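> Below is a structure I'd like to ask you about.
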Amino acid sequence: MPKEKTVQSEIGGYISALLRNHFGKGPTSVFVTIKSPFILIHLRGFIAPMETVLLKKKEWKRVLETRDLLINELKGEIEENLRRIANLNIREFYADWNLDSESGMLIGVMPDEVQQEDFEWPEHIDKEELESKVEHASEIAERSPGSIESYWLNDRTLLVKRNQILVGIEQALIAEGYTEILKLAKRPLERSLIYKTEPEKTLGRPVTEVYLDWNFPNDIGYIVFMMEPVKKLRD
């Protein structure tokens with residue numbers, strides 16, 4: 001456990017320094033979760049001075065476009081350093097941001113086989129009901145997924161993978177190079193639809209944040225639910 005915490009701390013320090021160097025300000029905190037084949041990096045208190053100016057002018061799309069562009073440029077460097085720090089072989093990399101709460105989520109996916117016993121759900125939470133709500137939200141936004149896989153990472157974090165979710169018009173937009181425009185349109189729509197399914201009723205606690213990103217070429221979408229920890233609810 002101490003070694004694991006050291007690796008997580010080193011990754012958190014690296015990500016903080018990287019963002020500080022490229023944005024002029026790093027996050028106030030970084031939380032790293034590693035459970036093969038996934039690594040999730042939750043950023044809080046992350047907003048650059050120039051972004052604050054743009055947001056005051058309602059230029060949130062420009063902020064998101066700039067972040068996506070920069071993260072795409074840094075993917076290779078991040079993957080290389082995660083390999084160096086923790087021997088993690090990242091195959092896919094995702095990112096999403098919540099500008100209102102000044103937070104973000106980075107997701108790395110490794111080629112390792114999923115060991116289902118490592119993602120055991122709490123007995124009191126209905127996994128099928130939660131997946132049904134995700135399916136319903138997806139069906140309204142685009143289409144019912146070909147399949148849904150959900151992974152309980154820890155007491156605060158749930159990761160959901162959706163396969164085969166794109167409709168024809170979306171595939172046409174991607175083929176024409178409108179990937180970023182599609183993401184900017186899909187994120188607020190899908191996030192709103194997910195909240196409307198009231199996932200907190202199934203999970204038994206408030207959902208504090210929802211993050212989304214896609215691998216368009218492979219027709220895959222990821223959702224991360226961040227929840228209030230049980231401990232806080234008992235205070």
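Residue numbering restarts at 1 for every chain of the structure tokens, chains are lettered A, B, ... in their displayed order, and ligands are numbered from 1 as they appear.
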Hey, what's within 12 Å of Gln116 (chain A) if we count only C-alpha atoms and toss same-chain stuff fewer than 2 positions away? As a ChimeraX atom specification, please?

/A:35-37,113-114,118-121,149-153

> Please dump the current selection as a short mmCIF file (atom, residue, chain, number, x, y, z; two decimals), in the first residue's frame; keep all heavy atoms.


```cif
data_model
loop_
_atom_site.label_atom_id
_atom_site.label_comp_id
_atom_site.auth_asym_id
_atom_site.auth_seq_id
_atom_site.Cartn_x
_atom_site.Cartn_y
_atom_site.Cartn_z
N LYS A 35 -6.62 1.07 -11.14
CA LYS A 35 -7.18 -0.28 -11.03
C LYS A 35 -7.18 -0.85 -12.44
O LYS A 35 -8.02 -0.49 -13.26
CB LYS A 35 -8.57 -0.26 -10.41
CG LYS A 35 -9.13 -1.66 -10.17
CD LYS A 35 -10.40 -1.64 -9.32
CE LYS A 35 -10.11 -1.43 -7.84
NZ LYS A 35 -11.30 -1.72 -7.00
N SER A 36 -6.21 -1.69 -12.71
CA SER A 36 -6.02 -2.23 -14.07
C SER A 36 -7.32 -2.78 -14.65
O SER A 36 -8.06 -3.48 -13.96
CB SER A 36 -4.97 -3.34 -14.02
OG SER A 36 -4.72 -3.84 -15.30
N PRO A 37 -7.63 -2.39 -15.91
CA PRO A 37 -6.78 -1.69 -16.88
C PRO A 37 -7.00 -0.18 -16.93
O PRO A 37 -6.76 0.42 -17.98
CB PRO A 37 -7.23 -2.34 -18.19
CG PRO A 37 -8.71 -2.55 -17.99
CD PRO A 37 -8.87 -2.92 -16.53
N GLU A 113 -6.25 -7.39 -19.60
CA GLU A 113 -7.57 -8.02 -19.49
C GLU A 113 -8.28 -7.53 -18.23
O GLU A 113 -7.65 -7.36 -17.18
CB GLU A 113 -7.42 -9.54 -19.42
CG GLU A 113 -6.94 -10.16 -20.72
CD GLU A 113 -8.07 -10.74 -21.55
OE1 GLU A 113 -9.16 -10.94 -20.98
OE2 GLU A 113 -7.85 -10.96 -22.74
N VAL A 114 -9.57 -7.30 -18.33
CA VAL A 114 -10.36 -6.91 -17.17
C VAL A 114 -10.59 -8.12 -16.27
O VAL A 114 -11.02 -9.17 -16.74
CB VAL A 114 -11.71 -6.32 -17.60
CG1 VAL A 114 -12.60 -6.10 -16.38
CG2 VAL A 114 -11.52 -5.00 -18.34
N ASP A 118 -12.13 -7.78 -9.53
CA ASP A 118 -11.53 -6.55 -8.99
C ASP A 118 -12.52 -5.39 -8.97
O ASP A 118 -12.20 -4.33 -8.43
CB ASP A 118 -10.31 -6.14 -9.84
CG ASP A 118 -9.16 -7.12 -9.71
OD1 ASP A 118 -9.12 -7.85 -8.69
OD2 ASP A 118 -8.30 -7.17 -10.61
N PHE A 119 -13.68 -5.58 -9.57
CA PHE A 119 -14.65 -4.49 -9.69
C PHE A 119 -15.99 -4.87 -9.08
O PHE A 119 -17.05 -4.57 -9.61
CB PHE A 119 -14.84 -4.09 -11.16
CG PHE A 119 -13.57 -3.63 -11.83
CD1 PHE A 119 -12.79 -4.53 -12.56
CD2 PHE A 119 -13.14 -2.33 -11.71
CE1 PHE A 119 -11.62 -4.12 -13.18
CE2 PHE A 119 -11.97 -1.91 -12.32
CZ PHE A 119 -11.20 -2.80 -13.05
N GLU A 120 -15.94 -5.54 -7.95
CA GLU A 120 -17.15 -6.01 -7.30
C GLU A 120 -18.00 -4.84 -6.79
O GLU A 120 -17.51 -3.95 -6.11
CB GLU A 120 -16.79 -6.93 -6.13
CG GLU A 120 -17.98 -7.59 -5.50
CD GLU A 120 -17.58 -8.61 -4.45
OE1 GLU A 120 -16.37 -8.93 -4.37
OE2 GLU A 120 -18.46 -9.07 -3.70
N TRP A 121 -19.27 -4.85 -7.15
CA TRP A 121 -20.19 -3.79 -6.74
C TRP A 121 -20.67 -4.01 -5.31
O TRP A 121 -20.80 -5.16 -4.87
CB TRP A 121 -21.40 -3.78 -7.67
CG TRP A 121 -21.15 -3.12 -8.99
CD1 TRP A 121 -20.20 -3.45 -9.91
CD2 TRP A 121 -21.87 -2.01 -9.52
NE1 TRP A 121 -20.28 -2.61 -10.99
CE2 TRP A 121 -21.30 -1.72 -10.78
CE3 TRP A 121 -22.92 -1.24 -9.07
CZ2 TRP A 121 -21.76 -0.69 -11.59
CZ3 TRP A 121 -23.40 -0.21 -9.87
CH2 TRP A 121 -22.82 0.07 -11.12
N GLU A 149 -20.61 -1.80 -20.22
CA GLU A 149 -19.79 -2.42 -19.19
C GLU A 149 -19.56 -1.38 -18.09
O GLU A 149 -19.20 -0.23 -18.40
CB GLU A 149 -18.44 -2.86 -19.78
CG GLU A 149 -18.55 -3.79 -20.97
CD GLU A 149 -17.27 -3.84 -21.78
OE1 GLU A 149 -16.18 -3.61 -21.19
OE2 GLU A 149 -17.34 -4.07 -23.00
N SER A 150 -19.77 -1.77 -16.86
CA SER A 150 -19.61 -0.81 -15.77
C SER A 150 -18.65 -1.36 -14.73
O SER A 150 -18.68 -2.56 -14.42
CB SER A 150 -20.96 -0.47 -15.13
OG SER A 150 -21.67 -1.63 -14.76
N TYR A 151 -17.82 -0.46 -14.19
CA TYR A 151 -16.75 -0.88 -13.29
C TYR A 151 -16.76 0.01 -12.03
O TYR A 151 -16.60 1.23 -12.12
CB TYR A 151 -15.40 -0.74 -14.00
CG TYR A 151 -15.33 -1.54 -15.28
CD1 TYR A 151 -15.55 -0.92 -16.51
CD2 TYR A 151 -15.06 -2.90 -15.25
CE1 TYR A 151 -15.50 -1.64 -17.69
CE2 TYR A 151 -15.02 -3.64 -16.43
CZ TYR A 151 -15.23 -2.99 -17.64
OH TYR A 151 -15.19 -3.72 -18.81
N TRP A 152 -16.97 -0.64 -10.89
CA TRP A 152 -16.95 0.05 -9.61
C TRP A 152 -15.48 0.16 -9.17
O TRP A 152 -14.87 -0.81 -8.73
CB TRP A 152 -17.77 -0.73 -8.59
CG TRP A 152 -18.01 0.03 -7.33
CD1 TRP A 152 -17.21 0.07 -6.22
CD2 TRP A 152 -19.12 0.89 -7.05
NE1 TRP A 152 -17.75 0.89 -5.28
CE2 TRP A 152 -18.92 1.42 -5.75
CE3 TRP A 152 -20.26 1.26 -7.77
CZ2 TRP A 152 -19.84 2.28 -5.16
CZ3 TRP A 152 -21.16 2.12 -7.18
CH2 TRP A 152 -20.95 2.62 -5.89
N LEU A 153 -14.91 1.36 -9.29
CA LEU A 153 -13.49 1.53 -9.02
C LEU A 153 -13.19 1.72 -7.53
O LEU A 153 -12.22 1.18 -7.01
CB LEU A 153 -12.93 2.72 -9.80
CG LEU A 153 -13.01 2.61 -11.33
CD1 LEU A 153 -12.35 3.81 -11.97
CD2 LEU A 153 -12.35 1.33 -11.82
#
```

> Could you tell me, as an NGL selection string, which residues of region 98-216 of chain A DSSP assigns to alpha helix (DSSP H) when given the backbone?

:A and (127-141 or 168-175 or 179-196 or 199-203)

> Using only C-alpha atoms, find each residue in region 172-210 of chain A having at least one atom no more than 9 Å away from region 63-84 of chain A; report its shortest atom-to-atom pair and that distance in Å (one decimal), rows by chain then rising number, as CSV.


```
residue,atom,partner,partner_atom,distance
A:Glu180,CA,A:Glu65,CA,7.2
A:Ile181,CA,A:Glu65,CA,8.9
A:Leu184,CA,A:Leu64,CA,8.0
```

> For the residues in that selection, give me C-alpha atoms as an mmCIF file, in the first residue's frame.


```
data_model
loop_
_atom_site.group_PDB
_atom_site.id
_atom_site.type_symbol
_atom_site.label_atom_id
_atom_site.label_comp_id
_atom_site.auth_asym_id
_atom_site.auth_seq_id
_atom_site.Cartn_x
_atom_site.Cartn_y
_atom_site.Cartn_z
ATOM 1 C CA GLU A 180 -14.401 18.720 -31.806
ATOM 2 C CA ILE A 181 -17.726 20.314 -32.739
ATOM 3 C CA LEU A 184 -18.845 20.170 -27.689
#
```

> For the strand (DSSP E) assignment from backbone DSSP, which residues of region 24-183 of chain A qualify? Please present them as number ranges by chain.

A: 29-35, 38-44, 92-98, 103-109, 147-154, 157-163

> Would you compute the distance between CA of Ser138 (chain A) and CA of Ala95 (chain A)? Give it in Å to one decimal.

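That distance, rounded to one decimal, is 19.3 Å.
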
> Which is closest to Val134 (chain A) among A:Ala86, A:Ala17, A:Leu193, A:Leu166, if we use only C-alpha atoms?

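Closest to Val134 (chain A), using only C-alpha atoms: A:Leu193.
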
> What lies within 12 Å of Asp219 (chain A) using only C-alpha atoms, ignoring chain neighbours under 6 positions off, as a list of chain:residue names?

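These residues fall inside the cut-off: A:Arg143, A:Pro145, A:Gly146, A:Ser147, A:Lys161, A:Arg162, A:Asn163, A:Gln164, A:Ile165, A:Leu166, A:Val167, A:Gly168, A:Glu170, A:Gln171, A:Ile174, A:Asp213.
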
> Rounded to one decimal, what separation in Å do you get between CA of Glu10 (chain A) and CA of Ile39 (chain A)?

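Spanning CA of Glu10 (chain A) to CA of Ile39 (chain A) is a straight-line distance of 13.6 Å.
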
> Between A:Gly13, A:Thr197, A:Asn98, A:Ala172, which has the minimum distance to Lys61 (chain A) (counting only C-alpha atoms)?

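Among A:Gly13, A:Thr197, A:Asn98, A:Ala172, it is A:Asn98 that comes nearest to Lys61 (chain A).
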
> What lies within 12 Å of Phe46 (chain A) using only C-alpha atoms, ignoring chain neighbours under 5 positions off, as a list of chain:residue names?

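Near neighbours after the sequence-gap exclusion: A:Ile15, A:Ser16, A:Leu19, A:Arg20, A:Phe23, A:Gly24, A:Lys25, A:Gly26, A:Pro27, A:Thr28, A:Ser29, A:Val30, A:Glu51, A:Thr52, A:Arg67, A:Trp97, A:Asn98, A:Leu99, A:Asp100, A:Ser101, A:Glu102, A:Ser103, A:Gly104, A:Met105.
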
> Hey, what's within 10 Å of Ile223 (chain A) if we count only C-alpha atoms and toss same-chain stuff fewer than 3 positions away? As number ranges by chain, please?

A: 96, 134, 150, 158-162, 190-191, 194, 210-214, 226

> Any idea what's packed within 6 Å of Ile107 (chain A), counting only C-alpha atoms, ignoring anything in its chain fewer than 2 positions away? Could you give it as a count of residues only?

4

> Excluding Arg156 (chain A) and residues on its chain fewer than 6 positions from it, collect all residues at most 8 Å away from it, counting only C-alpha atoms, and give them as a CSV table (one decimal) with C-alpha atoms, in the first residue's frame.


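Wrote part08.csv, looks like this:
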```csv
chain,number,residue,atom,x,y,z
A,225,PHE,CA,-19.7,9.1,-12.1
A,226,MET,CA,-18.1,10.9,-9.1
A,227,MET,CA,-20.1,10.3,-5.9
A,228,GLU,CA,-20.2,11.6,-2.4
A,229,PRO,CA,-18.3,9.2,-0.2
```

> Would you compute the distance between CA of Met110 (chain A) and CA of Asp155 (chain A)? Give it in Å to one decimal.

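CA of Met110 (chain A) sits 21.8 Å away from CA of Asp155 (chain A).
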